[in-house]
Amino acid sequence: MKRIHFTYLFACLTFFIAFSQNKELILDKNWTFSQKGKNIWRKAQVPGCVHTDLMANKIIPDPFLGDNEKDLQWIEKEDWEYKTNFKITKSDLQNDKIEMFFGGLDTYAKVFLNNQEILVADNMFRSWTIDVKPYLKEGVNSLYILFESAVNKGKQLSAQLTYTLPGEEKVFTRKAQYQYGWDWGPRFVTCGIYKNIKLRFLNVAEIKDIHYTVTKVTDSLATFTLKFDIHTYRDGYYDMFIKDVSSGEVFPKEGQRVSLYNKGVRPFAITLKIPRPKLWWCNGLGEQNFYDYTITLIKKSGSIDSKTVSVGIRSVELVQEEDAAGKSFYFKLNGKPVFMKGANYIPPDNFLSRVSANDYRTDVMLAKNAGMNMLRVWGGGTYADEEFYKACDKSGILVWQDFMFACAMYPGDSAFIENVKKEADEQVHRLALHPCLALWCGNNEIDEGWENWGWQKQFNYSASDSAKIWSDYTKLFHQILPAIVKEHAPKTNYVTTSPQIGWGHKESLSQGDSHYWGVWWGNEPFETYEKKVGRFMSEYGFQSLPDLNSFKMFVSANQLNLNSDEIKSHQKHPTGFKTIETYMERDFIVPKDLEKYIYVSQLTQARGMQIAIEAHRRARPNCMGTLFWQMNDCWPVTSWSAIDYYKRPKAFYYDLKRLYNNVLISIIKSDIYYECHILNDNLNEVKGKIELTVKDFFGKTLYEKKSEVTVKPNSSLIYLRLTDDELKSINKNECYISCVLRIDSNTVKKTLYYFVPPKDLKLPKPNLDIQFADDFGNVKIKSSTLVKNLYIKGLGFTENNYFDVEPGEEFNMTVMPFGKTGQKLTFISLYDILPQQ
């Protein structure tokens, strides 16, 4: 259908009544469910899923508690039925059109309205809209949905091939792949109505499918094309105008009647200009500015429909150019190179219907507060709900968005491909509205898997098998998906896969993005991060245990030990605990007590991630991004996350505010120097005074250097050096470097550097006073000795934890829950872990 561009549209500026002819009815009442064949109907929650409904009816225990997972695998093999009744009045049936909208059906679903089949669904990543007016009747109407086992269906489809695909039955089903189990997640292959079902009563006309494309961005002018469709349900003439909400300006300024006489769908587009635009910037570089425009459709003297769209003006470019080091991989935002700092984001729950808008907003707030400017929505999960992307828009968090394919090969038959096309059409079109969207990526680690994981040998492929599988792969990821991105989001970047080259190949560090797993999977020491730095580090990470208070929420009291079945069932990596302890032993004393073991595991993770992130940031402009694995969890588990399932931050998360600050001081030992780097991600220079002091653990100054500095924008440079000769009289087990950059009277950046691993420090017993200064959560902290990795117990929200307190330092911080004035707080520190001197 040809899209009509208007230079002028008629604007009716006379008084009109603002109302809509259309209404919605959410069908979330009176649902019941049953295991097929049992005919035992119980109350169901919609949105929901079969696991949560079984739990709510006390048929099964909480799947997340203890080791219940292993006893609940029978659920995935069964088919499940859902049904409800709703009333339709005679006046309801007078509406021009009545649609039933299914926001999300997981996954193989047959839908019957009044005993007539209206839909066969097979993709949880799609919505479905059905014209149901012909099927409705006055009075009570019945809606019945049969969900067939995704596991059984996947196995049936797999059996139709003459070879086995990596990923086996799950790859045939357009369903969140992590629900089949991962090395941080359980296997709960659920089903159900996980998003709302709505009846839409439509009359006269409506505005739909609003989106826009920013075509030009300069300091003096921005141009964007606003596109939308008008669906008319009655013949007639309509007037339409577009209004800039902030200025009141109406477009266009001279009138022309819009003839929409015939019923149907008419697409429109208009190009608008903004002089001296206020741009949308990512977190840390500026404001997230928006321009609101209202599209109004009028018939005679009344408003038929009105929709408002928020437009964020920005340009995002992925730069991949040949250079002396290989091939670049970095993002320009509004023409400026930006170092991306962030994390990989997975679904916040295994049962998606439980994820609320507030959950998404909280996760994005946590990312913003940590200094992140990018999140990667990983391809083994799901496309997030609108609230996630809205929160990213408002918080300045750019989104690297994977299509939902990960770590497997996928079929290429026509039915599968058509299903994926419709999924991609919907999702790319939906997300094109968000200024946060920076990149579409075809898949996670499939190129790497095909080249490096031995699939051809494992599955005994013939040459023709391999050729067919690879042909299907290239068709989908090199042809179909990029074409869909180009159609719906022509200014959005696309890459076929992440990473482009596996971490076992040296080229992975000189071109494209890199998933570096030599640390963890390869058991290489943390210091390897300083040498293995790629152009854009899109995955790397290390596990730690969640907080003891989190363990108490999902493990029985008598099972709170590392050898218990319940704790082991919440560690999904085959060598996870062994690997954690191997790294702990290198740098720390390994405690036997569970609480202290958890504490040291989190310090170990934080130490490794500090080494990695500082190395990545020091390497700019060769390296221009660092996205650690992973930000969050989908259930209570020992994993790579910075924030556990209950949204309790780990030690690593608290350090992110410093590591991801736009101005970071990083000290590293080279062959002959201790080098003090200052990293500045700001678009402007920073002037200040740098003070480098070597102190003992009681605060005595042993050596100091000071210098006035001007730190260039977008830079990483060395500003001070110390030699071993300058420090030869110092006992490095009993002292540390404090490096401070004073930018002005209110802005101080600081880092502490220790000469030896934590287990070799000869720390004094803390002489620490920590108590509530009032009844409103203000805590006063002061110490006469160095206190390393101070962990204050029993806190909820707090701005900091697991931090170092310098000797003589005194400061306040805010915590929750509140305490009484003078009340002491309990804590542990690294001193409590080390052998007493």
# chains A, B, ... in the order shown; residues from 1 in each chain; ligands from 1

$ select_by_dssp --residues "segment 40-214 of chain A" --states "alpha helix (DSSP H)" --output "ChimeraX atom specification"
/A:50-56,150-159

$ write_last_selection --atoms "all heavy atoms" --output "short mmCIF file (atom, residue, chain, number, x, y, z; two decimals), in the first residue's frame"
data_model
loop_
_atom_site.label_atom_id
_atom_site.label_comp_id
_atom_site.auth_asym_id
_atom_site.auth_seq_id
_atom_site.Cartn_x
_atom_site.Cartn_y
_atom_site.Cartn_z
N VAL A 50 0.85 -21.75 33.96
CA VAL A 50 0.38 -22.95 34.63
C VAL A 50 1.14 -23.20 35.93
O VAL A 50 0.55 -23.65 36.94
CB VAL A 50 0.46 -24.16 33.68
CG1 VAL A 50 1.91 -24.51 33.33
CG2 VAL A 50 -0.24 -25.37 34.30
N HIS A 51 2.43 -22.89 35.98
CA HIS A 51 3.19 -23.12 37.22
C HIS A 51 2.68 -22.25 38.35
O HIS A 51 2.51 -22.73 39.49
CB HIS A 51 4.68 -22.87 36.97
CG HIS A 51 5.37 -23.97 36.23
ND1 HIS A 51 5.25 -24.13 34.86
CD2 HIS A 51 6.20 -24.97 36.65
CE1 HIS A 51 5.98 -25.17 34.47
NE2 HIS A 51 6.57 -25.69 35.54
N THR A 52 2.46 -20.97 38.09
CA THR A 52 1.98 -20.09 39.15
C THR A 52 0.55 -20.42 39.54
O THR A 52 0.16 -20.28 40.70
CB THR A 52 2.11 -18.62 38.72
OG1 THR A 52 1.43 -18.41 37.47
CG2 THR A 52 3.56 -18.22 38.56
N ASP A 53 -0.27 -20.88 38.58
CA ASP A 53 -1.63 -21.28 38.92
C ASP A 53 -1.64 -22.55 39.77
O ASP A 53 -2.42 -22.67 40.73
CB ASP A 53 -2.45 -21.49 37.64
CG ASP A 53 -2.84 -20.18 36.98
OD1 ASP A 53 -2.94 -19.16 37.70
OD2 ASP A 53 -3.01 -20.15 35.74
N LEU A 54 -0.80 -23.51 39.43
CA LEU A 54 -0.69 -24.71 40.25
C LEU A 54 -0.22 -24.38 41.66
O LEU A 54 -0.72 -24.94 42.65
CB LEU A 54 0.26 -25.71 39.59
CG LEU A 54 -0.25 -26.41 38.33
CD1 LEU A 54 0.90 -27.12 37.61
CD2 LEU A 54 -1.38 -27.40 38.67
N MET A 55 0.72 -23.46 41.76
CA MET A 55 1.23 -23.06 43.06
C MET A 55 0.15 -22.34 43.87
O MET A 55 -0.03 -22.59 45.07
CB MET A 55 2.46 -22.16 42.90
CG MET A 55 3.07 -21.72 44.21
SD MET A 55 4.66 -20.87 44.02
CE MET A 55 4.17 -19.45 43.04
N ALA A 56 -0.58 -21.43 43.22
CA ALA A 56 -1.63 -20.68 43.92
C ALA A 56 -2.73 -21.60 44.45
O ALA A 56 -3.34 -21.31 45.49
CB ALA A 56 -2.23 -19.63 42.99
N ALA A 150 4.89 -27.58 24.87
CA ALA A 150 5.94 -27.10 23.97
C ALA A 150 7.04 -28.14 23.82
O ALA A 150 7.66 -28.25 22.75
CB ALA A 150 6.50 -25.79 24.49
N VAL A 151 7.30 -28.90 24.88
CA VAL A 151 8.33 -29.94 24.81
C VAL A 151 7.91 -31.03 23.84
O VAL A 151 8.69 -31.45 22.97
CB VAL A 151 8.60 -30.51 26.21
CG1 VAL A 151 9.51 -31.74 26.13
CG2 VAL A 151 9.24 -29.45 27.10
N ASN A 152 6.68 -31.50 23.97
CA ASN A 152 6.20 -32.56 23.06
C ASN A 152 6.15 -32.08 21.62
O ASN A 152 6.53 -32.80 20.69
CB ASN A 152 4.83 -33.04 23.51
CG ASN A 152 4.86 -33.75 24.85
OD1 ASN A 152 5.92 -34.16 25.31
ND2 ASN A 152 3.71 -33.87 25.49
N LYS A 153 5.65 -30.85 21.41
CA LYS A 153 5.57 -30.31 20.05
C LYS A 153 6.97 -30.15 19.46
O LYS A 153 7.19 -30.46 18.27
CB LYS A 153 4.85 -28.96 20.06
CG LYS A 153 3.37 -29.03 20.39
CD LYS A 153 2.54 -29.56 19.23
CE LYS A 153 2.41 -28.53 18.13
NZ LYS A 153 1.48 -28.98 17.07
N GLY A 154 7.91 -29.67 20.26
CA GLY A 154 9.27 -29.51 19.76
C GLY A 154 9.89 -30.83 19.36
O GLY A 154 10.57 -30.92 18.33
N LYS A 155 9.64 -31.87 20.14
CA LYS A 155 10.18 -33.19 19.81
C LYS A 155 9.54 -33.74 18.53
O LYS A 155 10.22 -34.39 17.73
CB LYS A 155 9.97 -34.14 20.98
CG LYS A 155 10.86 -33.84 22.17
CD LYS A 155 10.61 -34.80 23.33
CE LYS A 155 11.55 -34.51 24.49
NZ LYS A 155 11.29 -35.40 25.64
N GLN A 156 8.26 -33.48 18.36
CA GLN A 156 7.60 -33.94 17.13
C GLN A 156 8.19 -33.25 15.90
O GLN A 156 8.43 -33.90 14.87
CB GLN A 156 6.10 -33.63 17.22
CG GLN A 156 5.36 -34.46 18.24
CD GLN A 156 3.97 -33.93 18.54
OE1 GLN A 156 3.44 -33.08 17.80
NE2 GLN A 156 3.37 -34.38 19.63
N LEU A 157 8.44 -31.94 16.00
CA LEU A 157 9.02 -31.21 14.88
C LEU A 157 10.46 -31.64 14.64
O LEU A 157 10.90 -31.77 13.50
CB LEU A 157 8.95 -29.71 15.15
CG LEU A 157 7.54 -29.11 15.15
CD1 LEU A 157 7.54 -27.70 15.72
CD2 LEU A 157 6.97 -29.11 13.74
N SER A 158 11.19 -31.89 15.73
CA SER A 158 12.57 -32.35 15.59
C SER A 158 12.65 -33.69 14.87
O SER A 158 13.56 -33.92 14.06
CB SER A 158 13.22 -32.45 16.98
OG SER A 158 14.53 -32.97 16.89
N ALA A 159 11.71 -34.57 15.13
CA ALA A 159 11.71 -35.91 14.53
C ALA A 159 11.49 -35.87 13.03
O ALA A 159 11.78 -36.85 12.33
CB ALA A 159 10.65 -36.77 15.20
#

$ residues_around --residues "segment 505-509 of chain A" --least-positions-apart "5" --cutoff "12 Å" --atoms "only C-alpha atoms" --output "list in words"
Ala325, Gly326, Lys327, Ser328, Phe329, Glu448, Glu451, Asn452, Ser498, Pro499, Gln500, Ser514, His515, Tyr516, Trp517, Gly518, Tyr529, Lys531, Lys532, Val533, Gly534, Arg535, Phe536, Met537, Ser538, His616, Ala619, Asn622 and Cys623 of chain A

$ closest_atom_pairs --of "segment 715-825 of chain A" --to "segment 366-370 of chain A" --cutoff "12 Å" --atoms "only C-alpha atoms" --output "CSV"
residue,atom,partner,partner_atom,distance
A:Phe797,CA,A:Leu366,CA,11.3
A:Thr798,CA,A:Asn369,CA,11.9
A:Glu799,CA,A:Asn369,CA,9.4
A:Asn800,CA,A:Ala370,CA,10.9

$ residues_around --residues "Ala424 of chain A" --least-positions-apart "2" --cutoff "9 Å" --atoms "only C-alpha atoms" --output "CSV table (one decimal) with all heavy atoms, in the first residue's frame"
chain,number,residue,atom,x,y,z
A,125,PHE,N,6.4,-14.7,21.3
A,125,PHE,CA,6.9,-13.3,21.0
A,125,PHE,C,6.0,-12.5,20.1
A,125,PHE,O,6.4,-11.4,19.7
A,125,PHE,CB,8.3,-13.5,20.4
A,125,PHE,CG,9.3,-14.3,21.1
A,125,PHE,CD1,10.0,-15.3,20.5
A,125,PHE,CD2,9.5,-14.1,22.5
A,125,PHE,CE1,10.9,-16.1,21.2
A,125,PHE,CE2,10.4,-14.8,23.2
A,125,PHE,CZ,11.1,-15.8,22.6
A,126,ARG,N,4.8,-13.0,19.8
A,126,ARG,CA,3.9,-12.2,19.0
A,126,ARG,C,2.6,-11.9,19.7
A,126,ARG,O,2.2,-12.6,20.6
A,126,ARG,CB,3.6,-13.0,17.7
A,126,ARG,CG,4.7,-13.2,16.7
A,126,ARG,CD,4.3,-14.2,15.6
A,126,ARG,NE,3.1,-13.7,14.9
A,126,ARG,CZ,2.5,-14.5,14.0
A,126,ARG,NH1,3.0,-15.7,13.6
A,126,ARG,NH2,1.4,-14.0,13.3
A,403,PHE,N,17.8,-10.3,18.7
A,403,PHE,CA,16.6,-11.1,18.4
A,403,PHE,C,16.7,-12.4,19.3
A,403,PHE,O,17.8,-12.7,19.7
A,403,PHE,CB,16.6,-11.4,16.9
A,403,PHE,CG,16.2,-10.3,16.0
A,403,PHE,CD1,17.1,-9.5,15.3
A,403,PHE,CD2,14.8,-10.0,15.9
A,403,PHE,CE1,16.7,-8.5,14.5
A,403,PHE,CE2,14.4,-9.0,15.0
A,403,PHE,CZ,15.4,-8.2,14.4
A,419,ASN,N,6.9,-17.6,10.5
A,419,ASN,CA,6.6,-17.2,11.9
A,419,ASN,C,7.6,-16.2,12.4
A,419,ASN,O,7.2,-15.2,13.0
A,419,ASN,CB,6.6,-18.5,12.7
A,419,ASN,CG,5.9,-18.4,14.0
A,419,ASN,OD1,5.5,-17.3,14.4
A,419,ASN,ND2,5.9,-19.5,14.8
A,420,VAL,N,8.9,-16.4,12.2
A,420,VAL,CA,9.9,-15.5,12.6
A,420,VAL,C,9.8,-14.1,12.0
A,420,VAL,O,9.9,-13.1,12.6
A,420,VAL,CB,11.3,-16.1,12.4
A,420,VAL,CG1,12.4,-15.0,12.6
A,420,VAL,CG2,11.5,-17.3,13.3
A,421,LYS,N,9.4,-14.1,10.7
A,421,LYS,CA,9.2,-12.9,10.0
A,421,LYS,C,8.2,-12.0,10.7
A,421,LYS,O,8.3,-10.8,10.9
A,421,LYS,CB,8.8,-13.1,8.5
A,421,LYS,CG,10.0,-13.5,7.6
A,421,LYS,CD,9.4,-13.7,6.2
A,421,LYS,CE,10.5,-14.0,5.2
A,421,LYS,NZ,10.0,-14.2,3.8
A,422,LYS,N,7.0,-12.6,11.0
A,422,LYS,CA,6.0,-11.9,11.6
A,422,LYS,C,6.4,-11.4,13.0
A,422,LYS,O,6.0,-10.3,13.5
A,422,LYS,CB,4.7,-12.8,11.7
A,422,LYS,CG,4.1,-13.0,10.3
A,422,LYS,CD,2.9,-14.0,10.4
A,422,LYS,CE,2.4,-14.2,9.0
A,422,LYS,NZ,1.3,-15.3,9.0
A,426,GLU,N,6.8,-7.4,14.0
A,426,GLU,CA,6.1,-6.7,15.1
A,426,GLU,C,7.1,-6.1,16.1
A,426,GLU,O,6.9,-5.0,16.5
A,426,GLU,CB,5.3,-7.8,15.8
A,426,GLU,CG,4.6,-7.3,17.1
A,426,GLU,CD,3.7,-8.3,17.7
A,426,GLU,OE1,3.3,-9.3,17.1
A,426,GLU,OE2,3.3,-8.0,18.9
A,427,GLN,N,8.1,-6.8,16.4
A,427,GLN,CA,9.1,-6.3,17.4
A,427,GLN,C,9.9,-5.1,17.0
A,427,GLN,O,10.1,-4.2,17.7
A,427,GLN,CB,9.9,-7.5,18.0
A,427,GLN,CG,9.2,-8.6,18.7
A,427,GLN,CD,8.5,-8.1,19.9
A,427,GLN,OE1,8.8,-7.1,20.5
A,427,GLN,NE2,7.6,-8.9,20.4
A,428,VAL,N,10.4,-5.2,15.7
A,428,VAL,CA,11.2,-4.1,15.2
A,428,VAL,C,10.3,-2.9,15.1
A,428,VAL,O,10.7,-1.7,15.4
A,428,VAL,CB,11.8,-4.5,13.9
A,428,VAL,CG1,12.6,-3.3,13.3
A,428,VAL,CG2,12.8,-5.6,14.1
A,429,HIS,N,9.1,-3.0,14.5
A,429,HIS,CA,8.2,-1.9,14.4
A,429,HIS,C,7.9,-1.3,15.8
A,429,HIS,O,7.9,-0.1,16.0
A,429,HIS,CB,6.9,-2.4,13.7
A,429,HIS,CG,5.9,-1.3,13.5
A,429,HIS,ND1,6.0,-0.4,12.4
A,429,HIS,CD2,4.8,-0.9,14.2
A,429,HIS,CE1,5.0,0.4,12.4
A,429,HIS,NE2,4.3,0.2,13.5
A,481,LEU,N,16.4,-11.0,8.6
A,481,LEU,CA,16.3,-10.1,9.7
A,481,LEU,C,16.9,-8.7,9.4
A,481,LEU,O,16.3,-7.7,9.7
A,481,LEU,CB,17.0,-10.7,10.9
A,481,LEU,CG,16.3,-11.9,11.5
A,481,LEU,CD1,17.1,-12.4,12.7
A,481,LEU,CD2,14.9,-11.6,11.9
A,484,ILE,N,14.3,-6.7,7.5
A,484,ILE,CA,13.2,-6.3,8.3
A,484,ILE,C,13.6,-5.1,9.1
A,484,ILE,O,12.8,-4.1,9.3
A,484,ILE,CB,12.7,-7.4,9.2
A,484,ILE,CG1,12.0,-8.5,8.4
A,484,ILE,CG2,11.7,-6.9,10.3
A,484,ILE,CD1,11.6,-9.8,9.1
A,485,VAL,N,14.8,-5.0,9.6
A,485,VAL,CA,15.3,-3.9,10.4
A,485,VAL,C,15.3,-2.7,9.4
A,485,VAL,O,14.9,-1.6,9.8
A,485,VAL,CB,16.6,-4.1,11.0
A,485,VAL,CG1,17.2,-2.8,11.6
A,485,VAL,CG2,16.5,-5.2,12.1

$ residues_around --residues "Pro166 of chain A" --least-positions-apart "3" --cutoff "7 Å" --atoms "only C-alpha atoms" --output "MDAnalysis selection string"
chainID A and resid 408:409 455

$ residues_around --residues "Gly794 of chain A" --least-positions-apart "6" --cutoff "9 Å" --atoms "only C-alpha atoms" --output "PDB file with N, CA and C atoms, in the first residue's frame"
ATOM      1  N   ASN A 549      20.804 -13.271  53.494  1.00  0.00           N
ATOM      2  CA  ASN A 549      19.380 -13.021  53.674  1.00  0.00           C
ATOM      3  C   ASN A 549      18.571 -13.504  52.473  1.00  0.00           C
ATOM      4  N   PRO A 817      16.709  -0.206  56.686  1.00  0.00           N
ATOM      5  CA  PRO A 817      15.701   0.513  57.467  1.00  0.00           C
ATOM      6  C   PRO A 817      16.328   1.488  58.459  1.00  0.00           C
ATOM      7  N   LEU A 825      25.605  -0.355  64.489  1.00  0.00           N
ATOM      8  CA  LEU A 825      25.331  -1.300  63.418  1.00  0.00           C
ATOM      9  C   LEU A 825      26.385  -2.391  63.438  1.00  0.00           C
ATOM     10  N   THR A 826      26.004  -3.602  63.059  1.00  0.00           N
ATOM     11  CA  THR A 826      26.939  -4.711  63.011  1.00  0.00           C
ATOM     12  C   THR A 826      27.568  -4.803  61.630  1.00  0.00           C
ATOM     13  N   PHE A 827      28.783  -5.327  61.584  1.00  0.00           N
ATOM     14  CA  PHE A 827      29.514  -5.353  60.320  1.00  0.00           C
ATOM     15  C   PHE A 827      30.557  -6.451  60.358  1.00  0.00           C
TER      16      PHE A 827
END

$ residues_around --residues "Pro525 of chain A" --least-positions-apart "6" --cutoff "10 Å" --atoms "only C-alpha atoms" --output "count of residues only"
6

$ closest_atom_pairs --of "segment 16-127 of chain A" --to "segment 199-218 of chain A" --cutoff "7 Å" --atoms "only C-alpha atoms" --output "tab-separated table"
residue	atom	partner	partner_atom	distance
A:Gln21	CA	A:Asn203	CA	5.6
A:Asn22	CA	A:Leu202	CA	4.8
A:Lys23	CA	A:Phe201	CA	5.3
A:Glu24	CA	A:Arg200	CA	4.6
A:Leu25	CA	A:Leu199	CA	5.0
A:Ile26	CA	A:Leu199	CA	6.3
A:Asn95	CA	A:Asn203	CA	5.9
A:Asp96	CA	A:Asn203	CA	4.9
A:Lys97	CA	A:Leu202	CA	5.0
A:Ile98	CA	A:Phe201	CA	4.7
A:Glu99	CA	A:Arg200	CA	5.0
A:Met100	CA	A:Leu199	CA	4.6
A:Phe101	CA	A:Leu199	CA	6.3

$ write_last_selection --atoms "N, CA, C and O atoms" --output "PDB file, in the first residue's frame"
ATOM      1  N   GLN A  21     -14.361   7.233  20.477  1.00  0.00           N
ATOM      2  CA  GLN A  21     -15.488   6.369  20.172  1.00  0.00           C
ATOM      3  C   GLN A  21     -15.203   4.923  20.578  1.00  0.00           C
ATOM      4  O   GLN A  21     -16.093   4.075  20.503  1.00  0.00           O
ATOM      5  N   ASN A  22     -13.971   4.627  20.999  1.00  0.00           N
ATOM      6  CA  ASN A  22     -13.536   3.251  21.185  1.00  0.00           C
ATOM      7  C   ASN A  22     -13.340   2.935  22.665  1.00  0.00           C
ATOM      8  O   ASN A  22     -13.035   3.818  23.464  1.00  0.00           O
ATOM      9  N   LYS A  23     -13.477   1.652  23.001  1.00  0.00           N
ATOM     10  CA  LYS A  23     -13.260   1.239  24.385  1.00  0.00           C
ATOM     11  C   LYS A  23     -12.685  -0.172  24.402  1.00  0.00           C
ATOM     12  O   LYS A  23     -12.686  -0.883  23.379  1.00  0.00           O
ATOM     13  N   GLU A  24     -12.167  -0.554  25.574  1.00  0.00           N
ATOM     14  CA  GLU A  24     -11.563  -1.868  25.741  1.00  0.00           C
ATOM     15  C   GLU A  24     -12.155  -2.563  26.965  1.00  0.00           C
ATOM     16  O   GLU A  24     -12.531  -1.924  27.948  1.00  0.00           O
ATOM     17  N   LEU A  25     -12.200  -3.870  26.903  1.00  0.00           N
ATOM     18  CA  LEU A  25     -12.575  -4.701  28.038  1.00  0.00           C
ATOM     19  C   LEU A  25     -11.483  -5.743  28.228  1.00  0.00           C
ATOM     20  O   LEU A  25     -11.225  -6.550  27.331  1.00  0.00           O
ATOM     21  N   ILE A  26     -10.809  -5.698  29.384  1.00  0.00           N
ATOM     22  CA  ILE A  26      -9.761  -6.674  29.674  1.00  0.00           C
ATOM     23  C   ILE A  26     -10.411  -7.942  30.216  1.00  0.00           C
ATOM     24  O   ILE A  26     -11.172  -7.903  31.190  1.00  0.00           O
ATOM     25  N   ASN A  95     -21.319  -2.050  17.908  1.00  0.00           N
ATOM     26  CA  ASN A  95     -20.062  -1.415  17.527  1.00  0.00           C
ATOM     27  C   ASN A  95     -19.685  -1.791  16.099  1.00  0.00           C
ATOM     28  O   ASN A  95     -19.994  -2.890  15.624  1.00  0.00           O
ATOM     29  N   ASP A  96     -18.980  -0.860  15.428  1.00  0.00           N
ATOM     30  CA  ASP A  96     -18.591  -1.102  14.041  1.00  0.00           C
ATOM     31  C   ASP A  96     -17.721  -2.345  13.904  1.00  0.00           C
ATOM     32  O   ASP A  96     -17.863  -3.120  12.947  1.00  0.00           O
ATOM     33  N   LYS A  97     -16.811  -2.494  14.840  1.00  0.00           N
ATOM     34  CA  LYS A  97     -15.896  -3.632  14.773  1.00  0.00           C
ATOM     35  C   LYS A  97     -15.566  -4.062  16.193  1.00  0.00           C
ATOM     36  O   LYS A  97     -15.434  -3.230  17.094  1.00  0.00           O
ATOM     37  N   ILE A  98     -15.398  -5.373  16.409  1.00  0.00           N
ATOM     38  CA  ILE A  98     -14.990  -5.890  17.719  1.00  0.00           C
ATOM     39  C   ILE A  98     -13.809  -6.836  17.497  1.00  0.00           C
ATOM     40  O   ILE A  98     -13.932  -7.820  16.760  1.00  0.00           O
ATOM     41  N   GLU A  99     -12.696  -6.500  18.112  1.00  0.00           N
ATOM     42  CA  GLU A  99     -11.481  -7.314  17.998  1.00  0.00           C
ATOM     43  C   GLU A  99     -11.164  -7.949  19.345  1.00  0.00           C
ATOM     44  O   GLU A  99     -11.433  -7.374  20.399  1.00  0.00           O
ATOM     45  N   MET A 100     -10.565  -9.118  19.275  1.00  0.00           N
ATOM     46  CA  MET A 100      -9.983  -9.721  20.476  1.00  0.00           C
ATOM     47  C   MET A 100      -8.474  -9.708  20.302  1.00  0.00           C
ATOM     48  O   MET A 100      -7.942 -10.216  19.314  1.00  0.00           O
ATOM     49  N   PHE A 101      -7.805  -9.070  21.261  1.00  0.00           N
ATOM     50  CA  PHE A 101      -6.357  -8.907  21.207  1.00  0.00           C
ATOM     51  C   PHE A 101      -5.717  -9.803  22.251  1.00  0.00           C
ATOM     52  O   PHE A 101      -6.057  -9.750  23.444  1.00  0.00           O
TER      53      PHE A 101
END

$ residues_around --residues "Pro835 of chain A" --least-positions-apart "4" --cutoff "12 Å" --atoms "only C-alpha atoms" --output "PyMOL selection string"
chain A and resi 588-591+758-765+830-831

$ write_last_selection --atoms "C-alpha atoms" --output "tab-separated table (two decimals), in the first residue's frame"
chain	number	residue	atom	x	y	z
A	588	PHE	CA	41.70	-14.58	49.64
A	589	ILE	CA	41.56	-16.87	52.62
A	590	VAL	CA	38.63	-19.25	52.05
A	591	PRO	CA	36.31	-19.25	55.08
A	758	PRO	CA	44.01	-9.25	49.83
A	759	LYS	CA	45.13	-12.44	51.58
A	760	ASP	CA	48.65	-10.99	52.04
A	761	LEU	CA	47.57	-7.72	53.66
A	762	LYS	CA	48.55	-7.30	57.32
A	763	LEU	CA	45.48	-5.40	58.39
A	764	PRO	CA	45.06	-3.97	61.90
A	765	LYS	CA	41.95	-4.66	63.94
A	830	LEU	CA	38.31	-8.30	55.49
A	831	TYR	CA	40.12	-8.31	58.85

$ select_by_dssp --residues "segment 347-414 of chain A" --states "strand (DSSP E)" --output "NGL selection string"
:A and (374-377 or 398-402)

$ decode --residues "segment 391-404 of chain A" --atoms "C-alpha atoms" --output "short mmCIF file (atom, residue, chain, number, x, y, z; two decimals), in the first residue's frame"
data_model
loop_
_atom_site.label_atom_id
_atom_site.label_comp_id
_atom_site.auth_asym_id
_atom_site.auth_seq_id
_atom_site.Cartn_x
_atom_site.Cartn_y
_atom_site.Cartn_z
CA ALA A 391 12.26 3.50 31.45
CA CYS A 392 15.41 3.28 29.31
CA ASP A 393 14.17 6.22 27.22
CA LYS A 394 13.67 8.33 30.33
CA SER A 395 16.90 7.24 32.03
CA GLY A 396 19.25 7.52 29.06
CA ILE A 397 20.06 3.80 28.87
CA LEU A 398 20.85 2.76 25.31
CA VAL A 399 19.64 -0.73 24.39
CA TRP A 400 21.52 -3.37 22.45
CA GLN A 401 18.65 -5.63 21.44
CA ASP A 402 19.19 -9.23 20.41
CA PHE A 403 16.63 -11.09 18.41
CA MET A 404 15.54 -14.12 20.42
#
